[in-house]
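Note: the block below is target.tsv and it holds TSV, N, CA and C atoms.
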```tsv
chain	number	residue	atom	x	y	z
A	252	MET	N	170.23	223.08	67.82
A	252	MET	CA	170.66	222.71	66.48
A	252	MET	C	169.99	223.64	65.46
A	253	GLN	N	170.79	224.22	64.60
A	253	GLN	CA	170.29	225.14	63.61
A	253	GLN	C	169.69	224.37	62.44
A	254	LYS	N	168.56	224.82	61.94
A	254	LYS	CA	167.90	224.16	60.83
A	254	LYS	C	168.16	224.93	59.54
A	255	PHE	N	168.41	224.19	58.47
A	255	PHE	CA	168.66	224.79	57.17
A	255	PHE	C	167.61	224.28	56.20
A	256	GLY	N	166.97	225.19	55.49
A	256	GLY	CA	166.00	224.77	54.49
A	256	GLY	C	164.89	223.95	55.11
A	257	ASN	N	164.48	222.94	54.41
A	257	ASN	CA	163.40	222.07	54.87
A	257	ASN	C	164.00	220.88	55.59
A	258	SER	N	164.53	221.11	56.80
A	258	SER	CA	165.23	220.04	57.52
A	258	SER	C	164.28	218.94	57.99
A	259	ASP	N	162.99	219.25	58.19
A	259	ASP	CA	162.04	218.20	58.55
A	259	ASP	C	161.97	217.16	57.44
A	260	PHE	N	161.96	217.64	56.22
A	260	PHE	CA	161.95	216.75	55.06
A	260	PHE	C	163.21	215.90	55.04
A	261	LEU	N	164.37	216.54	55.23
A	261	LEU	CA	165.64	215.81	55.20
A	261	LEU	C	165.71	214.77	56.31
A	262	GLU	N	165.18	215.08	57.49
A	262	GLU	CA	165.20	214.12	58.59
A	262	GLU	C	164.38	212.88	58.25
A	263	LYS	N	163.35	213.04	57.45
A	263	LYS	CA	162.51	211.92	57.06
A	263	LYS	C	163.17	211.03	56.01
A	264	ILE	N	164.00	211.62	55.15
A	264	ILE	CA	164.57	210.84	54.05
A	264	ILE	C	166.02	210.46	54.26
A	265	MET	N	166.68	211.05	55.23
A	265	MET	CA	168.11	210.76	55.44
A	265	MET	C	168.31	209.93	56.70
A	266	THR	N	169.29	209.06	56.64
A	266	THR	CA	169.67	208.28	57.80
A	266	THR	C	171.17	208.03	57.72
A	267	THR	N	171.78	207.68	58.83
A	267	THR	CA	173.21	207.41	58.87
A	267	THR	C	173.43	205.92	59.05
A	268	VAL	N	174.37	205.37	58.28
A	268	VAL	CA	174.75	203.98	58.42
A	268	VAL	C	176.27	203.92	58.56
A	269	GLN	N	176.75	202.82	59.09
A	269	GLN	CA	178.19	202.65	59.28
A	269	GLN	C	178.66	201.44	58.49
A	270	MET	N	179.78	201.62	57.81
A	270	MET	CA	180.36	200.50	57.07
A	270	MET	C	181.16	199.65	58.06
A	271	ARG	N	180.95	198.36	57.99
A	271	ARG	CA	181.65	197.43	58.87
A	271	ARG	C	182.66	196.62	58.06
A	272	GLY	N	183.19	195.60	58.68
A	272	GLY	CA	184.18	194.76	58.01
A	272	GLY	C	183.71	194.28	56.65
A	273	LYS	N	184.64	194.18	55.74
A	273	LYS	CA	184.39	193.74	54.36
A	273	LYS	C	183.37	194.61	53.64
A	274	GLY	N	183.19	195.85	54.09
A	274	GLY	CA	182.30	196.79	53.41
A	274	GLY	C	180.83	196.59	53.68
A	275	THR	N	180.48	195.83	54.70
A	275	THR	CA	179.07	195.55	55.00
A	275	THR	C	178.37	196.78	55.57
A	276	ILE	N	177.21	197.09	55.00
A	276	ILE	CA	176.37	198.17	55.50
A	276	ILE	C	175.02	197.56	55.85
A	277	THR	N	174.51	197.87	57.02
A	277	THR	CA	173.21	197.37	57.43
A	277	THR	C	172.16	198.45	57.17
A	278	PHE	N	171.15	198.09	56.39
A	278	PHE	CA	170.07	199.02	56.13
A	278	PHE	C	169.20	199.12	57.37
A	279	PRO	N	168.77	200.31	57.74
A	279	PRO	CA	167.86	200.45	58.88
A	279	PRO	C	166.57	199.65	58.65
A	280	ALA	N	166.05	199.08	59.72
A	280	ALA	CA	164.84	198.25	59.64
A	280	ALA	C	163.68	198.99	58.98
A	281	LYS	N	163.55	200.29	59.25
A	281	LYS	CA	162.46	201.08	58.65
A	281	LYS	C	162.50	201.01	57.13
A	282	LEU	N	163.71	201.14	56.57
A	282	LEU	CA	163.85	201.09	55.11
A	282	LEU	C	163.64	199.68	54.58
A	283	ARG	N	164.17	198.68	55.29
A	283	ARG	CA	163.98	197.29	54.85
A	283	ARG	C	162.49	196.96	54.82
A	284	ASP	N	161.77	197.38	55.85
A	284	ASP	CA	160.33	197.10	55.90
A	284	ASP	C	159.57	197.90	54.84
A	285	LYS	N	159.90	199.18	54.72
A	285	LYS	CA	159.19	200.06	53.78
A	285	LYS	C	159.31	199.55	52.35
A	286	TYR	N	160.50	199.07	51.98
A	286	TYR	CA	160.73	198.64	50.61
A	286	TYR	C	160.77	197.12	50.45
A	287	LYS	N	160.40	196.41	51.51
A	287	LYS	CA	160.32	194.95	51.49
A	287	LYS	C	161.64	194.33	51.01
A	288	LEU	N	162.75	194.82	51.54
A	288	LEU	CA	164.07	194.32	51.18
A	288	LEU	C	164.36	193.05	51.95
A	289	GLN	N	164.90	192.07	51.28
A	289	GLN	CA	165.19	190.77	51.88
A	289	GLN	C	166.70	190.54	51.90
A	290	GLU	N	167.13	189.64	52.77
A	290	GLU	CA	168.53	189.25	52.79
A	290	GLU	C	168.92	188.70	51.42
A	291	GLY	N	170.09	189.09	50.95
A	291	GLY	CA	170.56	188.63	49.65
A	291	GLY	C	170.13	189.52	48.50
A	292	GLU	N	169.35	190.56	48.80
A	292	GLU	CA	168.91	191.50	47.77
A	292	GLU	C	170.14	192.08	47.06
A	293	ILE	N	170.04	192.25	45.76
A	293	ILE	CA	171.15	192.78	44.98
A	293	ILE	C	170.86	194.23	44.62
A	294	PHE	N	171.87	195.08	44.78
A	294	PHE	CA	171.74	196.50	44.50
A	294	PHE	C	172.76	196.92	43.44
A	295	THR	N	172.40	197.94	42.71
A	295	THR	CA	173.33	198.60	41.81
A	295	THR	C	173.81	199.84	42.54
A	296	ILE	N	175.13	200.06	42.58
A	296	ILE	CA	175.67	201.26	43.21
A	296	ILE	C	176.15	202.19	42.11
A	297	ILE	N	175.70	203.42	42.17
A	297	ILE	CA	176.05	204.41	41.16
A	297	ILE	C	176.89	205.47	41.83
A	298	ASP	N	178.11	205.68	41.32
A	298	ASP	CA	179.03	206.68	41.85
A	298	ASP	C	178.65	208.03	41.25
A	299	LEU	N	178.12	208.93	42.08
A	299	LEU	CA	177.69	210.24	41.62
A	299	LEU	C	178.83	211.25	41.62
A	300	GLY	N	179.98	210.82	42.14
A	300	GLY	CA	181.12	211.72	42.23
A	300	GLY	C	181.11	212.49	43.54
A	301	GLY	N	182.25	213.01	43.89
A	301	GLY	CA	182.33	213.82	45.12
A	301	GLY	C	182.05	213.03	46.38
A	302	GLY	N	182.21	211.72	46.33
A	302	GLY	CA	181.96	210.88	47.50
A	302	GLY	C	180.49	210.53	47.72
A	303	SER	N	179.64	210.85	46.75
A	303	SER	CA	178.21	210.52	46.86
A	303	SER	C	177.90	209.29	46.03
A	304	PHE	N	177.05	208.44	46.58
A	304	PHE	CA	176.65	207.21	45.92
A	304	PHE	C	175.14	207.09	45.94
A	305	LEU	N	174.63	206.38	44.98
A	305	LEU	CA	173.21	206.06	44.93
A	305	LEU	C	173.10	204.55	44.90
A	306	LEU	N	172.33	203.99	45.81
A	306	LEU	CA	172.07	202.55	45.82
A	306	LEU	C	170.67	202.33	45.28
A	307	LYS	N	170.57	201.44	44.33
A	307	LYS	CA	169.27	201.16	43.71
A	307	LYS	C	169.06	199.66	43.68
A	308	PRO	N	167.92	199.18	44.20
A	308	PRO	CA	167.66	197.75	44.11
A	308	PRO	C	167.68	197.32	42.65
A	309	ARG	N	168.31	196.19	42.40
A	309	ARG	CA	168.39	195.68	41.03
A	309	ARG	C	167.09	194.97	40.72
A	310	ILE	N	166.44	195.38	39.67
A	310	ILE	CA	165.17	194.79	39.27
A	310	ILE	C	165.40	194.05	37.96
A	311	TYR	N	165.10	192.77	37.97
A	311	TYR	CA	165.28	191.95	36.79
A	311	TYR	C	164.07	192.04	35.89
A	312	GLU	N	164.29	191.94	34.59
A	312	GLU	CA	163.19	191.99	33.62
A	312	GLU	C	162.15	190.92	33.91
A	313	THR	N	162.61	189.73	34.33
A	313	THR	CA	161.65	188.66	34.62
A	313	THR	C	160.74	189.04	35.78
A	314	ASP	N	161.27	189.78	36.75
A	314	ASP	CA	160.44	190.25	37.86
A	314	ASP	C	159.39	191.24	37.38
A	315	LYS	N	159.79	192.14	36.48
A	315	LYS	CA	158.84	193.11	35.93
A	315	LYS	C	157.74	192.41	35.15
A	316	ILE	N	158.14	191.45	34.30
A	316	ILE	CA	157.17	190.73	33.48
A	316	ILE	C	156.22	189.91	34.34
A	317	SER	N	156.77	189.22	35.34
A	317	SER	CA	155.90	188.40	36.19
A	317	SER	C	154.95	189.27	37.01
A	318	ALA	N	155.40	190.45	37.43
A	318	ALA	CA	154.51	191.36	38.17
A	318	ALA	C	153.37	191.84	37.28
A	319	LYS	N	153.69	192.16	36.01
A	319	LYS	CA	152.64	192.57	35.07
A	319	LYS	C	151.65	191.45	34.83
A	320	ALA	N	152.18	190.23	34.62
A	320	ALA	CA	151.32	189.08	34.38
A	320	ALA	C	150.43	188.81	35.59
A	321	GLU	N	151.01	188.88	36.77
A	321	GLU	CA	150.23	188.64	37.99
A	321	GLU	C	149.10	189.66	38.11
A	322	LYS	N	149.38	190.92	37.79
A	322	LYS	CA	148.37	191.97	37.87
A	322	LYS	C	147.23	191.70	36.90
A	323	VAL	N	147.56	191.34	35.67
A	323	VAL	CA	146.54	191.06	34.65
A	323	VAL	C	145.70	189.85	35.05
A	324	LEU	N	146.36	188.79	35.53
A	324	LEU	CA	145.62	187.60	35.95
A	324	LEU	C	144.65	187.92	37.08
A	325	ARG	N	145.12	188.70	38.03
A	325	ARG	CA	144.27	189.07	39.17
A	325	ARG	C	143.09	189.93	38.70
A	326	GLU	N	143.38	190.92	37.83
A	326	GLU	CA	142.32	191.80	37.33
A	326	GLU	C	141.27	191.03	36.53
A	327	ASP	N	141.72	190.04	35.75
A	327	ASP	CA	140.82	189.27	34.91
A	327	ASP	C	140.27	188.02	35.61
A	328	ASP	N	140.65	187.84	36.88
A	328	ASP	CA	140.20	186.71	37.69
A	328	ASP	C	140.48	185.37	36.99
A	329	VAL	N	141.72	185.21	36.51
A	329	VAL	CA	142.16	184.00	35.83
A	329	VAL	C	143.03	183.19	36.79
A	330	THR	N	142.72	181.90	36.90
A	330	THR	CA	143.52	181.04	37.77
A	330	THR	C	144.77	180.58	37.02
A	331	LEU	N	145.74	180.12	37.78
A	331	LEU	CA	146.97	179.63	37.18
A	331	LEU	C	146.69	178.42	36.28
A	332	GLU	N	145.80	177.54	36.71
A	332	GLU	CA	145.45	176.36	35.91
A	332	GLU	C	144.81	176.79	34.58
A	333	GLU	N	143.94	177.81	34.62
A	333	GLU	CA	143.33	178.32	33.39
A	333	GLU	C	144.40	178.90	32.45
A	334	LEU	N	145.37	179.59	33.02
A	334	LEU	CA	146.45	180.14	32.23
A	334	LEU	C	147.26	179.03	31.56
A	335	PHE	N	147.61	177.99	32.33
A	335	PHE	CA	148.38	176.87	31.77
A	335	PHE	C	147.60	176.15	30.67
A	336	GLU	N	146.31	175.97	30.88
A	336	GLU	CA	145.49	175.30	29.87
A	336	GLU	C	145.46	176.12	28.58
A	337	THR	N	145.31	177.44	28.71
A	337	THR	CA	145.32	178.31	27.54
A	337	THR	C	146.67	178.26	26.83
A	338	LEU	N	147.74	178.25	27.60
A	338	LEU	CA	149.08	178.16	27.01
A	338	LEU	C	149.27	176.85	26.24
A	339	ARG	N	148.76	175.74	26.80
A	339	ARG	CA	148.85	174.45	26.11
A	339	ARG	C	148.10	174.49	24.78
A	340	GLU	N	146.90	175.09	24.80
A	340	GLU	CA	146.09	175.18	23.58
A	340	GLU	C	146.78	176.05	22.52
A	341	VAL	N	147.31	177.19	22.94
A	341	VAL	CA	147.99	178.09	22.00
A	341	VAL	C	149.24	177.43	21.44
A	342	ARG	N	149.96	176.71	22.28
A	342	ARG	CA	151.17	176.01	21.81
A	342	ARG	C	150.80	174.98	20.74
A	343	LYS	N	149.73	174.23	20.96
A	343	LYS	CA	149.28	173.25	19.97
A	343	LYS	C	148.91	173.92	18.65
A	344	GLU	N	148.17	175.04	18.75
A	344	GLU	CA	147.76	175.77	17.55
A	344	GLU	C	148.98	176.28	16.78
A	345	LEU	N	149.94	176.86	17.49
A	345	LEU	CA	151.14	177.38	16.83
A	345	LEU	C	151.95	176.25	16.19
A	346	PHE	N	152.03	175.12	16.88
A	346	PHE	CA	152.76	173.97	16.34
A	346	PHE	C	152.10	173.51	15.04
A	347	GLN	N	150.75	173.39	15.05
A	347	GLN	CA	150.04	172.95	13.85
A	347	GLN	C	150.18	173.94	12.71
A	348	GLU	N	150.16	175.25	13.02
A	348	GLU	CA	150.36	176.27	11.99
A	348	GLU	C	151.73	176.14	11.35
A	349	ARG	N	152.71	175.89	12.17
A	349	ARG	CA	154.09	175.85	11.68
A	349	ARG	C	154.45	174.53	11.01
A	350	TYR	N	154.04	173.42	11.61
A	350	TYR	CA	154.48	172.11	11.14
A	350	TYR	C	153.35	171.26	10.54
A	351	GLY	N	152.13	171.74	10.62
A	351	GLY	CA	151.00	170.93	10.15
A	351	GLY	C	150.70	169.83	11.14
A	352	SER	N	149.76	168.99	10.79
A	352	SER	CA	149.44	167.89	11.71
A	352	SER	C	150.53	166.84	11.61
A	353	VAL	N	150.83	166.26	12.72
A	353	VAL	CA	151.88	165.24	12.79
A	353	VAL	C	151.20	163.88	12.77
A	354	LYS	N	151.58	163.07	11.78
A	354	LYS	CA	151.02	161.72	11.69
A	354	LYS	C	151.91	160.78	12.46
A	355	LYS	N	151.29	159.91	13.23
A	355	LYS	CA	152.04	158.91	13.98
A	355	LYS	C	152.41	157.77	13.04
A	356	SER	N	153.62	157.30	13.21
A	356	SER	CA	154.04	156.16	12.36
A	356	SER	C	153.36	154.90	12.88
A	357	SER	N	153.31	153.86	12.05
A	357	SER	CA	152.66	152.61	12.46
A	357	SER	C	153.44	151.93	13.57
A	358	ASP	N	154.72	152.30	13.73
A	358	ASP	CA	155.54	151.71	14.81
A	358	ASP	C	155.29	152.40	16.15
A	359	ASP	N	154.63	153.55	16.11
A	359	ASP	CA	154.41	154.32	17.33
A	359	ASP	C	153.16	153.81	18.03
A	360	HIS	N	153.32	153.24	19.20
A	360	HIS	CA	152.20	152.65	19.93
A	360	HIS	C	151.78	153.51	21.11
A	361	SER	N	152.18	154.77	21.18
A	361	SER	CA	151.81	155.60	22.32
A	361	SER	C	150.53	156.33	22.10
```
Structure encoded using structure tokens:
Amino acid sequence: MQKFGNSDFLEKIMTTVQMRGKGTITFPAKLRDKYKLQEGEIFTIIDLGGGSFLLKPRIYETDKISAKAEKVLREDDVTLEELFETLREVRKELFQERYGSVKKSSDDHS
């Protein structure tokens, strides 16, 4: 087999897949493991023209935000309970800033 350019590199990054019924393509296990792809994963397909496509895992903003939050919590050694307690305190402060203190009516027995 004749080699063109950096074929060792291409062999590492290229693989062949076959489209099956209803357009199903099975990702090779190596790629699923490498990128931690799960069943039901959603991808964006980009038509590059000339019969070339790019598949990109769809990343939701909430996933990005939660990953950032998780990183900060881990770095600062903050527990989830501590985070929730802080959120409750901040919510109370913001409520009081916006609405002032709320007086209970004489009919309110809670």
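For the pair atom CA of A:Ile264 and atom CA of A:Phe278, the interatomic distance is 13.2 Å.
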Between atom N of A:Ala280 and atom CA of A:Val268 - distance in Å to one decimal: 10.1 Å
Could you pull the residues within 8 Å of A:Ile310, counting only N, CA and C atoms, minus those fewer than 6 positions along the same chain, as a list in words? Ile293, Phe294 and Thr295 of chain A
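Going from atom CA of A:Leu324 over to atom C of A:Arg349, you cover 29.5 Å.
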